[in-house]
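What follows is final37.cif (mmCIF, C-alpha atoms and all ligand atoms).
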data_coords
#
loop_
_atom_site.group_PDB
_atom_site.id
_atom_site.type_symbol
_atom_site.label_atom_id
_atom_site.label_comp_id
_atom_site.auth_asym_id
_atom_site.auth_seq_id
_atom_site.Cartn_x
_atom_site.Cartn_y
_atom_site.Cartn_z
ATOM 1 C CA MET A 1 27.580 -12.393 -44.091
ATOM 2 C CA LYS A 2 23.970 -13.405 -43.568
ATOM 3 C CA ARG A 3 23.648 -14.718 -39.966
ATOM 4 C CA GLY A 4 20.479 -16.797 -40.024
ATOM 5 C CA ARG A 5 20.320 -19.949 -42.106
ATOM 6 C CA GLN A 6 17.078 -20.764 -43.933
ATOM 7 C CA GLY A 7 14.558 -22.195 -41.467
ATOM 8 C CA HIS A 8 16.462 -20.662 -38.492
ATOM 9 C CA LYS A 9 15.533 -17.285 -37.115
ATOM 10 C CA PRO A 10 18.404 -14.805 -36.665
ATOM 11 C CA LYS A 11 19.364 -14.079 -33.019
ATOM 12 C CA SER A 12 17.754 -10.633 -32.882
ATOM 13 C CA ASP A 13 14.453 -12.170 -33.897
ATOM 14 C CA LEU A 14 14.784 -14.809 -31.174
ATOM 15 C CA ARG A 15 15.136 -12.065 -28.562
ATOM 16 C CA GLU A 16 11.983 -10.407 -29.862
ATOM 17 C CA ARG A 17 10.093 -13.696 -29.601
ATOM 18 C CA ILE A 18 11.286 -14.283 -26.025
ATOM 19 C CA GLU A 19 10.202 -10.784 -25.011
ATOM 20 C CA LYS A 20 6.826 -11.229 -26.715
ATOM 21 C CA ALA A 21 6.284 -14.583 -24.958
ATOM 22 C CA ALA A 22 7.236 -13.043 -21.594
ATOM 23 C CA SER A 23 4.815 -10.164 -22.044
ATOM 24 C CA GLU A 24 2.040 -12.604 -23.036
ATOM 25 C CA VAL A 25 2.571 -14.620 -19.857
ATOM 26 C CA GLU A 26 2.175 -11.431 -17.824
ATOM 27 C CA ARG A 27 -0.940 -10.541 -19.804
ATOM 28 C CA GLU A 28 -2.856 -13.647 -18.707
ATOM 29 C CA PRO A 29 -6.004 -12.661 -16.837
ATOM 30 C CA ARG A 30 -5.460 -12.689 -13.084
ATOM 31 C CA GLY A 31 -8.811 -11.402 -11.835
ATOM 32 C CA VAL A 32 -11.038 -13.918 -10.112
ATOM 33 C CA ARG A 33 -14.785 -13.500 -10.175
ATOM 34 C CA PRO A 34 -16.743 -12.848 -6.952
ATOM 35 C CA GLY A 35 -17.974 -16.089 -5.450
ATOM 36 C CA LYS A 36 -15.088 -17.979 -7.052
ATOM 37 C CA ARG A 37 -12.240 -16.552 -5.037
ATOM 38 C CA PRO A 38 -9.890 -18.926 -3.222
ATOM 39 C CA PRO A 39 -10.768 -19.568 0.427
ATOM 40 C CA LEU A 40 -8.938 -17.417 2.940
ATOM 41 C CA ARG A 41 -6.072 -19.031 4.796
ATOM 42 C CA VAL A 42 -3.348 -17.574 6.991
ATOM 43 C CA PHE A 43 -0.151 -16.998 5.028
ATOM 44 C CA THR A 44 3.075 -18.257 6.581
ATOM 45 C CA SER A 45 5.810 -16.816 4.347
ATOM 46 C CA THR A 46 6.903 -13.214 3.857
ATOM 47 C CA LEU A 47 5.742 -13.212 0.225
ATOM 48 C CA TRP A 48 2.022 -12.632 -0.018
ATOM 49 C CA GLU A 49 0.428 -13.221 -3.378
ATOM 50 C CA TYR A 50 -3.282 -13.313 -3.973
ATOM 51 C CA PRO A 51 -5.284 -13.263 -7.160
ATOM 52 C CA SER A 52 -7.963 -10.779 -6.140
ATOM 53 C CA GLN A 53 -8.285 -7.392 -4.448
ATOM 54 C CA HIS A 54 -11.107 -8.660 -2.214
ATOM 55 C CA TYR A 55 -12.013 -11.971 -0.606
ATOM 56 C CA ASP A 56 -15.367 -13.711 -0.600
ATOM 57 C CA SER A 57 -16.707 -12.868 2.831
ATOM 58 C CA PRO A 58 -18.472 -15.702 4.667
ATOM 59 C CA ASN A 59 -21.100 -13.078 5.659
ATOM 60 C CA GLY A 60 -21.537 -11.902 2.076
ATOM 61 C CA ASN A 61 -20.082 -8.469 2.967
ATOM 62 C CA PHE A 62 -18.051 -6.539 0.441
ATOM 63 C CA GLN A 63 -14.864 -4.910 1.780
ATOM 64 C CA GLY A 64 -14.359 -1.230 0.977
ATOM 65 C CA SER A 65 -15.359 -0.116 -2.500
ATOM 66 C CA LYS A 66 -14.192 -1.468 -5.826
ATOM 67 C CA ASP A 67 -14.560 2.014 -7.318
ATOM 68 C CA TYR A 68 -12.200 3.653 -4.834
ATOM 69 C CA THR A 69 -8.793 4.460 -6.319
ATOM 70 C CA GLY A 70 -6.066 3.372 -3.938
ATOM 71 C CA ALA A 71 -8.089 0.906 -1.835
ATOM 72 C CA THR A 72 -6.128 -1.650 0.201
ATOM 73 C CA PRO A 73 -6.519 -5.331 -0.759
ATOM 74 C CA SER A 74 -8.842 -6.567 1.982
ATOM 75 C CA TRP A 75 -7.082 -9.892 2.423
ATOM 76 C CA VAL A 76 -3.946 -8.002 3.577
ATOM 77 C CA ILE A 77 -5.921 -6.538 6.488
ATOM 78 C CA TRP A 78 -7.598 -9.919 7.120
ATOM 79 C CA GLN A 79 -4.170 -11.598 7.472
ATOM 80 C CA LEU A 80 -3.047 -8.980 10.006
ATOM 81 C CA LEU A 81 -6.209 -9.134 12.106
ATOM 82 C CA GLN A 82 -6.087 -12.936 12.176
ATOM 83 C CA ARG A 83 -2.584 -12.924 13.596
ATOM 84 C CA TYR A 84 -2.427 -9.827 15.787
ATOM 85 C CA THR A 85 -5.933 -9.309 17.178
ATOM 86 C CA ARG A 86 -8.592 -11.228 19.098
ATOM 87 C CA THR A 87 -12.399 -11.162 18.931
ATOM 88 C CA GLY A 88 -13.677 -7.872 20.369
ATOM 89 C CA ASP A 89 -10.366 -5.997 19.970
ATOM 90 C CA THR A 90 -10.423 -2.360 18.899
ATOM 91 C CA VAL A 91 -8.743 -1.639 15.563
ATOM 92 C CA VAL A 92 -8.054 1.869 14.248
ATOM 93 C CA ASP A 93 -7.428 2.957 10.674
ATOM 94 C CA PRO A 94 -6.566 6.697 10.647
ATOM 95 C CA MET A 95 -6.668 6.963 6.820
ATOM 96 C CA CYS A 96 -9.661 4.764 6.220
ATOM 97 C CA GLY A 97 -10.472 5.676 2.564
ATOM 98 C CA SER A 98 -13.293 3.449 1.351
ATOM 99 C CA GLY A 99 -13.494 1.702 4.740
ATOM 100 C CA THR A 100 -11.915 -1.650 3.878
ATOM 101 C CA THR A 101 -10.545 -2.023 7.424
ATOM 102 C CA LEU A 102 -14.014 -1.476 8.934
ATOM 103 C CA ASP A 103 -15.542 -4.192 6.760
ATOM 104 C CA VAL A 104 -12.818 -6.712 7.602
ATOM 105 C CA CYS A 105 -13.374 -5.867 11.286
ATOM 106 C CA THR A 106 -17.092 -6.625 10.895
ATOM 107 C CA ASP A 107 -16.269 -9.995 9.303
ATOM 108 C CA LEU A 108 -13.936 -10.905 12.161
ATOM 109 C CA ASP A 109 -15.932 -9.440 15.087
ATOM 110 C CA ARG A 110 -13.409 -6.702 15.838
ATOM 111 C CA LYS A 111 -14.430 -3.148 16.721
ATOM 112 C CA GLY A 112 -13.257 -0.987 13.816
ATOM 113 C CA ILE A 113 -12.712 2.780 14.199
ATOM 114 C CA GLY A 114 -12.098 4.686 10.991
ATOM 115 C CA PHE A 115 -10.907 8.245 10.381
ATOM 116 C CA ASP A 116 -10.148 10.127 7.191
ATOM 117 C CA LEU A 117 -9.933 13.742 6.061
ATOM 118 C CA ALA A 118 -12.436 12.894 3.322
ATOM 119 C CA PRO A 119 -14.891 10.353 4.797
ATOM 120 C CA THR A 120 -16.656 8.219 2.204
ATOM 121 C CA ARG A 121 -19.166 6.599 4.611
ATOM 122 C CA PRO A 122 -21.057 7.666 7.729
ATOM 123 C CA GLU A 123 -19.094 5.229 9.938
ATOM 124 C CA ILE A 124 -15.861 7.081 9.074
ATOM 125 C CA THR A 125 -15.203 10.154 11.231
ATOM 126 C CA ARG A 126 -13.544 13.227 9.778
ATOM 127 C CA ALA A 127 -10.160 13.724 11.453
ATOM 128 C CA ASP A 128 -6.552 14.389 10.627
ATOM 129 C CA ALA A 129 -4.472 11.256 11.176
ATOM 130 C CA ARG A 130 -1.930 13.447 13.004
ATOM 131 C CA GLU A 131 -4.466 14.386 15.676
ATOM 132 C CA LEU A 132 -6.879 11.562 16.408
ATOM 133 C CA PRO A 133 -9.790 12.067 18.840
ATOM 134 C CA LEU A 134 -8.726 9.015 20.854
ATOM 135 C CA GLU A 135 -7.361 8.509 24.361
ATOM 136 C CA ASN A 136 -3.749 7.434 24.889
ATOM 137 C CA GLU A 137 -3.285 3.654 24.733
ATOM 138 C CA SER A 138 -6.914 2.966 23.809
ATOM 139 C CA VAL A 139 -6.624 0.678 20.753
ATOM 140 C CA ASP A 140 -5.400 -2.888 20.265
ATOM 141 C CA PHE A 141 -4.233 -2.701 16.653
ATOM 142 C CA ALA A 142 -3.619 0.001 14.034
ATOM 143 C CA PHE A 143 -3.552 -0.360 10.290
ATOM 144 C CA VAL A 144 -2.591 2.415 7.887
ATOM 145 C CA ASP A 145 -2.253 2.623 4.109
ATOM 146 C CA PRO A 146 -1.123 6.225 3.539
ATOM 147 C CA PRO A 147 -0.782 8.214 0.308
ATOM 148 C CA TYR A 148 2.424 7.234 -1.492
ATOM 149 C CA SER A 149 3.529 10.810 -2.235
ATOM 150 C CA THR A 150 1.260 12.573 -4.781
ATOM 151 C CA HIS A 151 0.260 9.507 -6.839
ATOM 152 C CA VAL A 152 -3.518 9.827 -6.225
ATOM 153 C CA ASP A 153 -5.645 12.958 -5.821
ATOM 154 C CA TYR A 154 -7.737 11.940 -2.779
ATOM 155 C CA SER A 155 -9.467 15.224 -1.957
ATOM 156 C CA ASP A 156 -9.180 19.007 -2.109
ATOM 157 C CA ASP A 157 -8.351 19.179 1.587
ATOM 158 C CA PRO A 158 -5.043 21.078 1.904
ATOM 159 C CA ALA A 159 -4.160 18.886 4.915
ATOM 160 C CA CYS A 160 -4.182 15.754 2.705
ATOM 161 C CA ILE A 161 -0.742 14.148 2.922
ATOM 162 C CA GLY A 162 -1.228 13.080 -0.695
ATOM 163 C CA LYS A 163 -0.502 16.711 -1.628
ATOM 164 C CA LEU A 164 3.057 16.432 -0.269
ATOM 165 C CA ASP A 165 5.684 15.309 -2.740
ATOM 166 C CA ALA A 166 8.069 12.679 -1.326
ATOM 167 C CA GLY A 167 10.499 13.640 -4.073
ATOM 168 C CA ALA A 168 10.354 17.423 -3.570
ATOM 169 C CA ARG A 169 13.744 19.046 -3.911
ATOM 170 C CA ALA A 170 15.367 19.999 -0.624
ATOM 171 C CA ALA A 171 14.995 23.695 0.246
ATOM 172 C CA SER A 172 18.517 23.739 1.706
ATOM 173 C CA GLU A 173 21.490 21.400 1.974
ATOM 174 C CA HIS A 174 20.447 20.575 5.560
ATOM 175 C CA GLU A 175 16.997 19.377 4.557
ATOM 176 C CA PRO A 176 16.345 15.926 3.039
ATOM 177 C CA GLU A 177 14.366 15.436 -0.169
ATOM 178 C CA GLY A 178 10.610 15.264 0.405
ATOM 179 C CA ALA A 179 11.015 16.623 3.968
ATOM 180 C CA ARG A 180 7.399 17.818 4.333
ATOM 181 C CA TYR A 181 5.947 14.437 3.316
ATOM 182 C CA TYR A 182 8.178 12.554 5.758
ATOM 183 C CA GLU A 183 7.575 15.039 8.591
ATOM 184 C CA ALA A 184 3.806 14.646 8.115
ATOM 185 C CA MET A 185 4.115 10.854 8.065
ATOM 186 C CA GLU A 186 6.236 10.915 11.203
ATOM 187 C CA GLU A 187 3.392 12.783 12.944
ATOM 188 C CA VAL A 188 0.965 10.042 11.825
ATOM 189 C CA ILE A 189 3.300 7.317 13.108
ATOM 190 C CA ALA A 190 3.800 9.140 16.440
ATOM 191 C CA GLU A 191 0.025 9.482 16.791
ATOM 192 C CA LEU A 192 -0.484 5.746 16.198
ATOM 193 C CA HIS A 193 2.159 5.059 18.824
ATOM 194 C CA ARG A 194 0.268 7.307 21.262
ATOM 195 C CA VAL A 195 -3.139 5.635 20.823
ATOM 196 C CA LEU A 196 -1.877 2.042 20.675
ATOM 197 C CA ARG A 197 -1.777 -0.034 23.870
ATOM 198 C CA ASN A 198 1.627 -1.248 24.913
ATOM 199 C CA ARG A 199 2.698 -4.662 23.558
ATOM 200 C CA ARG A 200 0.243 -4.385 20.684
ATOM 201 C CA TYR A 201 0.900 -4.296 16.932
ATOM 202 C CA MET A 202 0.426 -2.103 13.887
ATOM 203 C CA GLY A 203 0.777 -2.571 10.125
ATOM 204 C CA LEU A 204 1.778 0.019 7.527
ATOM 205 C CA TYR A 205 1.197 -0.826 3.875
ATOM 206 C CA VAL A 206 3.121 1.258 1.358
ATOM 207 C CA SER A 207 4.849 1.348 -2.003
ATOM 208 C CA ASP A 208 7.877 3.232 -3.222
ATOM 209 C CA SER A 209 7.219 5.752 -5.932
ATOM 210 C CA PHE A 210 8.739 6.678 -9.234
ATOM 211 C CA ARG A 211 8.144 9.381 -11.782
ATOM 212 C CA LYS A 212 9.650 10.260 -15.102
ATOM 213 C CA GLU A 213 11.395 13.602 -15.048
ATOM 214 C CA LYS A 214 12.609 15.700 -17.929
ATOM 215 C CA GLY A 215 16.376 16.098 -17.934
ATOM 216 C CA ARG A 216 16.881 13.424 -15.231
ATOM 217 C CA LYS A 217 18.131 10.176 -16.740
ATOM 218 C CA GLY A 218 16.387 7.127 -15.289
ATOM 219 C CA GLY A 219 13.708 9.413 -13.740
ATOM 220 C CA HIS A 220 13.143 10.029 -10.045
ATOM 221 C CA PHE A 221 12.908 7.127 -7.591
ATOM 222 C CA MET A 222 11.481 7.795 -4.103
ATOM 223 C CA PRO A 223 12.312 5.018 -1.583
ATOM 224 C CA ILE A 224 9.231 5.745 0.560
ATOM 225 C CA GLY A 225 9.154 2.248 2.073
ATOM 226 C CA PHE A 226 12.683 2.372 3.494
ATOM 227 C CA GLU A 227 12.276 5.959 4.694
ATOM 228 C CA LEU A 228 9.024 5.216 6.558
ATOM 229 C CA PHE A 229 10.474 2.016 8.003
ATOM 230 C CA ALA A 230 13.418 4.034 9.396
ATOM 231 C CA ILE A 231 10.997 6.512 11.001
ATOM 232 C CA MET A 232 8.866 3.739 12.517
ATOM 233 C CA ARG A 233 11.918 2.125 14.109
ATOM 234 C CA ASP A 234 12.210 5.161 16.383
ATOM 235 C CA TYR A 235 8.769 4.341 17.834
ATOM 236 C CA PHE A 236 8.261 0.596 17.426
ATOM 237 C CA ARG A 237 10.125 -2.697 17.287
ATOM 238 C CA PRO A 238 10.097 -4.237 13.804
ATOM 239 C CA VAL A 239 8.322 -7.585 13.784
ATOM 240 C CA ASP A 240 8.590 -8.423 10.094
ATOM 241 C CA ILE A 241 8.536 -7.076 6.543
ATOM 242 C CA ILE A 242 6.167 -8.645 4.025
ATOM 243 C CA SER A 243 6.367 -8.219 0.276
ATOM 244 C CA VAL A 244 2.856 -8.061 -1.150
ATOM 245 C CA VAL A 245 2.682 -8.798 -4.840
ATOM 246 C CA ARG A 246 0.021 -6.929 -6.680
ATOM 247 C CA HIS A 247 -1.184 -8.790 -9.740
ATOM 248 C CA ASN A 248 -2.027 -5.493 -11.310
ATOM 249 C CA GLN A 249 -3.519 -5.826 -14.777
ATOM 250 C CA LYS A 250 -2.270 -2.366 -15.665
ATOM 251 C CA LEU A 251 1.350 -3.467 -15.317
ATOM 252 C CA ALA A 252 0.817 -5.907 -18.175
ATOM 253 C CA ARG A 253 -0.069 -3.183 -20.656
ATOM 254 C CA GLY A 254 2.242 -3.384 -23.660
ATOM 255 C CA ASN A 255 2.858 0.372 -23.805
ATOM 256 C CA TRP A 256 3.866 0.444 -20.103
ATOM 257 C CA HIS A 257 6.424 -2.322 -20.742
ATOM 258 C CA LYS A 258 7.767 -0.487 -23.746
ATOM 259 C CA ALA A 259 8.085 2.821 -21.898
ATOM 260 C CA ALA A 260 9.802 1.141 -18.915
ATOM 261 C CA GLN A 261 12.308 -0.569 -21.191
ATOM 262 C CA GLU A 262 13.007 2.516 -23.266
ATOM 263 C CA GLY A 263 13.221 4.794 -20.221
ATOM 264 C CA ASN A 264 15.305 2.211 -18.287
ATOM 265 C CA TYR A 265 13.096 2.262 -15.181
ATOM 266 C CA PHE A 266 10.957 -0.304 -13.336
ATOM 267 C CA LEU A 267 7.201 -0.479 -12.874
ATOM 268 C CA ARG A 268 6.127 -0.872 -9.239
ATOM 269 C CA GLY A 269 5.464 -4.614 -8.784
ATOM 270 C CA PHE A 270 5.082 -4.970 -5.009
ATOM 271 C CA ASN A 271 4.102 -3.177 -1.808
ATOM 272 C CA TYR A 272 5.767 -3.387 1.567
ATOM 273 C CA LEU A 273 3.811 -4.363 4.611
ATOM 274 C CA PHE A 274 5.720 -3.363 7.734
ATOM 275 C CA ILE A 275 4.575 -5.062 10.925
ATOM 276 C CA MET A 276 5.665 -3.278 14.098
ATOM 277 C CA LYS A 277 5.137 -3.764 17.839
ATOM 278 C CA LYS A 278 4.896 -1.131 20.547
ATOM 279 C CA GLU A 279 7.266 -2.100 23.338
ATOM 280 C CA ASP A 280 7.590 0.724 25.809
ATOM 281 C CA ASP A 281 8.698 -1.189 28.880
HETATM 282 C C1 LIG A 301 -4.358 4.838 0.252
HETATM 283 S S1 LIG A 301 -5.803 5.669 0.795
HETATM 284 C C2 LIG A 301 -6.438 4.567 2.011
HETATM 285 C C3 LIG A 301 -7.183 3.429 1.401
HETATM 286 C C4 LIG A 301 -8.011 2.617 2.390
HETATM 287 N N1 LIG A 301 -7.182 1.783 3.244
HETATM 288 C C5 LIG A 301 -9.028 1.785 1.648
HETATM 289 O O1 LIG A 301 -8.908 0.545 1.627
HETATM 290 O O2 LIG A 301 -9.920 2.347 1.002
HETATM 291 C C6 LIG A 301 -5.163 7.009 1.743
HETATM 292 C C7 LIG A 301 -6.209 7.849 2.459
HETATM 293 O O3 LIG A 301 -5.523 8.789 3.295
HETATM 294 C C8 LIG A 301 -6.375 9.902 3.455
HETATM 295 N N2 LIG A 301 -5.585 11.004 4.026
HETATM 296 C C9 LIG A 301 -4.611 11.740 3.469
HETATM 297 N N3 LIG A 301 -4.103 12.635 4.345
HETATM 298 C C10 LIG A 301 -4.767 12.429 5.511
HETATM 299 C C11 LIG A 301 -4.664 13.015 6.809
HETATM 300 N N4 LIG A 301 -3.803 13.997 7.079
HETATM 301 N N5 LIG A 301 -5.499 12.559 7.779
HETATM 302 C C12 LIG A 301 -6.414 11.575 7.521
HETATM 303 N N6 LIG A 301 -6.549 10.990 6.307
HETATM 304 C C13 LIG A 301 -5.720 11.401 5.312
HETATM 305 C C14 LIG A 301 -6.918 10.124 2.069
HETATM 306 O O4 LIG A 301 -8.091 10.918 2.101
HETATM 307 C C15 LIG A 301 -7.135 8.674 1.587
HETATM 308 O O5 LIG A 301 -8.455 8.289 1.844
#

Output the file's structure in the form of structure tokens.
Ligand SMILES: C[S@@+](CC[C@H](N)C(=O)[O-])C[C@H]1O[C@@H](n2cnc3c(N)ncnc32)[C@H](O)[C@@H]1O
Amino acid sequence: MKRGRQGHKPKSDLRERIEKAASEVEREPRGVRPGKRPPLRVFTSTLWEYPSQHYDSPNGNFQGSKDYTGATPSWVIWQLLQRYTRTGDTVVDPMCGSGTTLDVCTDLDRKGIGFDLAPTRPEITRADARELPLENESVDFAFVDPPYSTHVDYSDDPACIGKLDAGARAASEHEPEGARYYEAMEEVIAELHRVLRNRRYMGLYVSDSFRKEKGRKGGHFMPIGFELFAIMRDYFRPVDIISVVRHNQKLARGNWHKAAQEGNYFLRGFNYLFIMKKEDD
């Protein structure tokens, strides 16, 4: 029997139309042009949404570099510095990339210190985040946005943590998956604990990771956020967990939607921001 009457679309067609409408909503442009970005204000909920990667600086400064793959949205760092630092405080970013943290520090009159294995600017000093040339308890705030497993090729430096696969198969039954990535990240976290003054705060911005894998149904999910949070709890007291929604244009691509539906996996739609406090007394 024919299901749809004349003038009425059959059910299967209705589903297609709903899916098409949903994908069109997600395809609406989200980018906001420089000079037209919404004014900065301190967010008060644990869901942070913002329509642009950067904010319009009152000093006309740009934060980081728009050409740098994997740069942190500058307003995330701005929110943290507003809440957890004061004018003149020292802020360290041990994986400084394009230097976004340093530029936000300039805007807010904080003293920014940036390190990276592959410095992109003269103000960034070459150092391994696991061994910072800083005295114990010498900084007031730390921010870090580390590599999320091997998702970006940052440099040829063999010490780059972005070369360590958070989903690497365990070498033995006693070793967890991705052990080398998590061991390296624990060294970074321990180093931040060492250089941070007591009763001060840090923020770690990270995303889980996923990759398609032949012969593994549903692919390979790496819960990097939860694993790093568990490690940090051994050093710091958790203050809060923020979900940062990335209005990433790439996620709206039709072929990405199609592949995610067909492969029965999810595209990464948010980052975690873990806020921790050093409390050693
Ligand atoms: C996600 S990016 C940081 C982005 C940065 N917050 C920005 O806004 O441009 C991660 C950075 O970690 C650096 N990195 C990786 N392993 C490192 C290590 N062992 N020590 C220091 N930096 C490292 C990479 O070179 C890369 O610049």

Kindly provide the residues of segment 73-184 of chain A that approach segment 32-52 of chain A to within 12 Å, each paired with its closest atom pair and their distance in Å to one decimal, based on only C-alpha atoms, listed by chain and increasing number, as a Markdown table.
| residue | atom | partner | partner_atom | distance |
| --- | --- | --- | --- | --- |
| A:Pro73 | CA | A:Ser52 | CA | 7.8 |
| A:Ser74 | CA | A:Ser52 | CA | 9.2 |
| A:Trp75 | CA | A:Leu40 | CA | 7.8 |
| A:Val76 | CA | A:Trp48 | CA | 8.4 |
| A:Ile77 | CA | A:Val42 | CA | 11.3 |
| A:Trp78 | CA | A:Leu40 | CA | 8.7 |
| A:Gln79 | CA | A:Val42 | CA | 6.1 |
| A:Leu80 | CA | A:Val42 | CA | 9.1 |
| A:Leu81 | CA | A:Val42 | CA | 10.3 |
| A:Gln82 | CA | A:Val42 | CA | 7.5 |
| A:Arg83 | CA | A:Val42 | CA | 8.1 |
| A:Tyr84 | CA | A:Val42 | CA | 11.8 |

Explicit residues for the PyMOL selection byres (((chain A and resi 268) around 12) and not hetatm) (as a short mmCIF file (atom, residue, chain, number, x, y, z; two decimals) with C-alpha atoms, keeping the file's coordinate frame):
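Below is the file result_9.cif, written as the result:
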data_model
loop_
_atom_site.label_atom_id
_atom_site.label_comp_id
_atom_site.auth_asym_id
_atom_site.auth_seq_id
_atom_site.Cartn_x
_atom_site.Cartn_y
_atom_site.Cartn_z
CA TYR A 148 2.42 7.23 -1.49
CA VAL A 206 3.12 1.26 1.36
CA SER A 207 4.85 1.35 -2.00
CA ASP A 208 7.88 3.23 -3.22
CA SER A 209 7.22 5.75 -5.93
CA PHE A 210 8.74 6.68 -9.23
CA ARG A 211 8.14 9.38 -11.78
CA PHE A 221 12.91 7.13 -7.59
CA MET A 222 11.48 7.80 -4.10
CA PRO A 223 12.31 5.02 -1.58
CA VAL A 244 2.86 -8.06 -1.15
CA VAL A 245 2.68 -8.80 -4.84
CA ARG A 246 0.02 -6.93 -6.68
CA HIS A 247 -1.18 -8.79 -9.74
CA ASN A 248 -2.03 -5.49 -11.31
CA LYS A 250 -2.27 -2.37 -15.66
CA LEU A 251 1.35 -3.47 -15.32
CA ALA A 252 0.82 -5.91 -18.18
CA TRP A 256 3.87 0.44 -20.10
CA HIS A 257 6.42 -2.32 -20.74
CA ALA A 260 9.80 1.14 -18.92
CA TYR A 265 13.10 2.26 -15.18
CA PHE A 266 10.96 -0.30 -13.34
CA LEU A 267 7.20 -0.48 -12.87
CA GLY A 269 5.46 -4.61 -8.78
CA PHE A 270 5.08 -4.97 -5.01
CA ASN A 271 4.10 -3.18 -1.81
CA TYR A 272 5.77 -3.39 1.57
#

With 3 Å on each side, where is the centre of the axis-aligned box around all listed atoms of segment 36-53 of chain A, and how long are its edges in Å to one decimal, as lines of an AutoDock Vina configuration file?
center_x = -4.1
center_y = -13.5
center_z = -0.1
size_x = 28.0
size_y = 18.2
size_z = 20.2

### Task
I would like the residues chosen by the PyMOL selection byres (((chain A and resi 61) around 12) and not hetatm) on the shown file; could you give them as number ranges by chain?
A: 34-35, 54-60, 62-65, 74, 100, 102-108

### Task
Could you please extract the residues within 8 Å of ligand LIG 301 (chain A), counting only C-alpha atoms and all ligand atoms, and hand them back as a ChimeraX atom specification?
/A:64-65,68-74,93-101,115-119,126-130,144-148,154-155,159-162,184,188

Expected file: the selected residues, C-alpha atoms, as a PDB file, keeping the file's coordinate frame:
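To be explicit, this is the file written out as selection_0.pdb:
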ATOM      1  CA  GLY A  64     -14.359  -1.230   0.977  1.00  0.00           C
ATOM      2  CA  SER A  65     -15.359  -0.116  -2.500  1.00  0.00           C
ATOM      3  CA  TYR A  68     -12.200   3.653  -4.834  1.00  0.00           C
ATOM      4  CA  THR A  69      -8.793   4.460  -6.319  1.00  0.00           C
ATOM      5  CA  GLY A  70      -6.066   3.372  -3.938  1.00  0.00           C
ATOM      6  CA  ALA A  71      -8.089   0.906  -1.835  1.00  0.00           C
ATOM      7  CA  THR A  72      -6.128  -1.650   0.201  1.00  0.00           C
ATOM      8  CA  PRO A  73      -6.519  -5.331  -0.759  1.00  0.00           C
ATOM      9  CA  SER A  74      -8.842  -6.567   1.982  1.00  0.00           C
ATOM     10  CA  ASP A  93      -7.428   2.957  10.674  1.00  0.00           C
ATOM     11  CA  PRO A  94      -6.566   6.697  10.647  1.00  0.00           C
ATOM     12  CA  MET A  95      -6.668   6.963   6.820  1.00  0.00           C
ATOM     13  CA  CYS A  96      -9.661   4.764   6.220  1.00  0.00           C
ATOM     14  CA  GLY A  97     -10.472   5.676   2.564  1.00  0.00           C
ATOM     15  CA  SER A  98     -13.293   3.449   1.351  1.00  0.00           C
ATOM     16  CA  GLY A  99     -13.494   1.702   4.740  1.00  0.00           C
ATOM     17  CA  THR A 100     -11.915  -1.650   3.878  1.00  0.00           C
ATOM     18  CA  THR A 101     -10.545  -2.023   7.424  1.00  0.00           C
ATOM     19  CA  PHE A 115     -10.907   8.245  10.381  1.00  0.00           C
ATOM     20  CA  ASP A 116     -10.148  10.127   7.191  1.00  0.00           C
ATOM     21  CA  LEU A 117      -9.933  13.742   6.061  1.00  0.00           C
ATOM     22  CA  ALA A 118     -12.436  12.894   3.322  1.00  0.00           C
ATOM     23  CA  PRO A 119     -14.891  10.353   4.797  1.00  0.00           C
ATOM     24  CA  ARG A 126     -13.544  13.227   9.778  1.00  0.00           C
ATOM     25  CA  ALA A 127     -10.160  13.724  11.453  1.00  0.00           C
ATOM     26  CA  ASP A 128      -6.552  14.389  10.627  1.00  0.00           C
ATOM     27  CA  ALA A 129      -4.472  11.256  11.176  1.00  0.00           C
ATOM     28  CA  ARG A 130      -1.930  13.447  13.004  1.00  0.00           C
ATOM     29  CA  VAL A 144      -2.591   2.415   7.887  1.00  0.00           C
ATOM     30  CA  ASP A 145      -2.253   2.623   4.109  1.00  0.00           C
ATOM     31  CA  PRO A 146      -1.123   6.225   3.539  1.00  0.00           C
ATOM     32  CA  PRO A 147      -0.782   8.214   0.308  1.00  0.00           C
ATOM     33  CA  TYR A 148       2.424   7.234  -1.492  1.00  0.00           C
ATOM     34  CA  TYR A 154      -7.737  11.940  -2.779  1.00  0.00           C
ATOM     35  CA  SER A 155      -9.467  15.224  -1.957  1.00  0.00           C
ATOM     36  CA  ALA A 159      -4.160  18.886   4.915  1.00  0.00           C
ATOM     37  CA  CYS A 160      -4.182  15.754   2.705  1.00  0.00           C
ATOM     38  CA  ILE A 161      -0.742  14.148   2.922  1.00  0.00           C
ATOM     39  CA  GLY A 162      -1.228  13.080  -0.695  1.00  0.00           C
ATOM     40  CA  ALA A 184       3.806  14.646   8.115  1.00  0.00           C
ATOM     41  CA  VAL A 188       0.965  10.042  11.825  1.00  0.00           C
TER      42      VAL A 188
END

Within 10 Å of segment 224-230 of chain A, which residues of segment 80-189 of chain A come that close, and what is the closest atom pair and distance in Å for each? Count only C-alpha atoms and give it as a tab-separated table.
residue	atom	partner	partner_atom	distance
A:Tyr148	CA	A:Ile224	CA	7.3
A:Ser149	CA	A:Ile224	CA	8.1
A:Ala166	CA	A:Ile224	CA	7.3
A:Gly167	CA	A:Ile224	CA	9.2
A:Gly178	CA	A:Ile224	CA	9.6
A:Tyr181	CA	A:Ile224	CA	9.7
A:Tyr182	CA	A:Leu228	CA	7.4
A:Met185	CA	A:Leu228	CA	7.6
A:Glu186	CA	A:Leu228	CA	7.9
A:Ile189	CA	A:Leu228	CA	8.9

### Exercise: Thr150 of chain A partners within 6 Å, all atoms listed in the file, chain neighbours under 2 positions left out, as number ranges by chain
A: 152, 162-163, 165

Writing out the chosen residues with C-alpha atoms as a short mmCIF file (atom, residue, chain, number, x, y, z; two decimals), keeping the file's coordinate frame:
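Ended up saving to selection27.cif:
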data_model
loop_
_atom_site.label_atom_id
_atom_site.label_comp_id
_atom_site.auth_asym_id
_atom_site.auth_seq_id
_atom_site.Cartn_x
_atom_site.Cartn_y
_atom_site.Cartn_z
CA VAL A 152 -3.52 9.83 -6.22
CA GLY A 162 -1.23 13.08 -0.70
CA LYS A 163 -0.50 16.71 -1.63
CA ASP A 165 5.68 15.31 -2.74
#
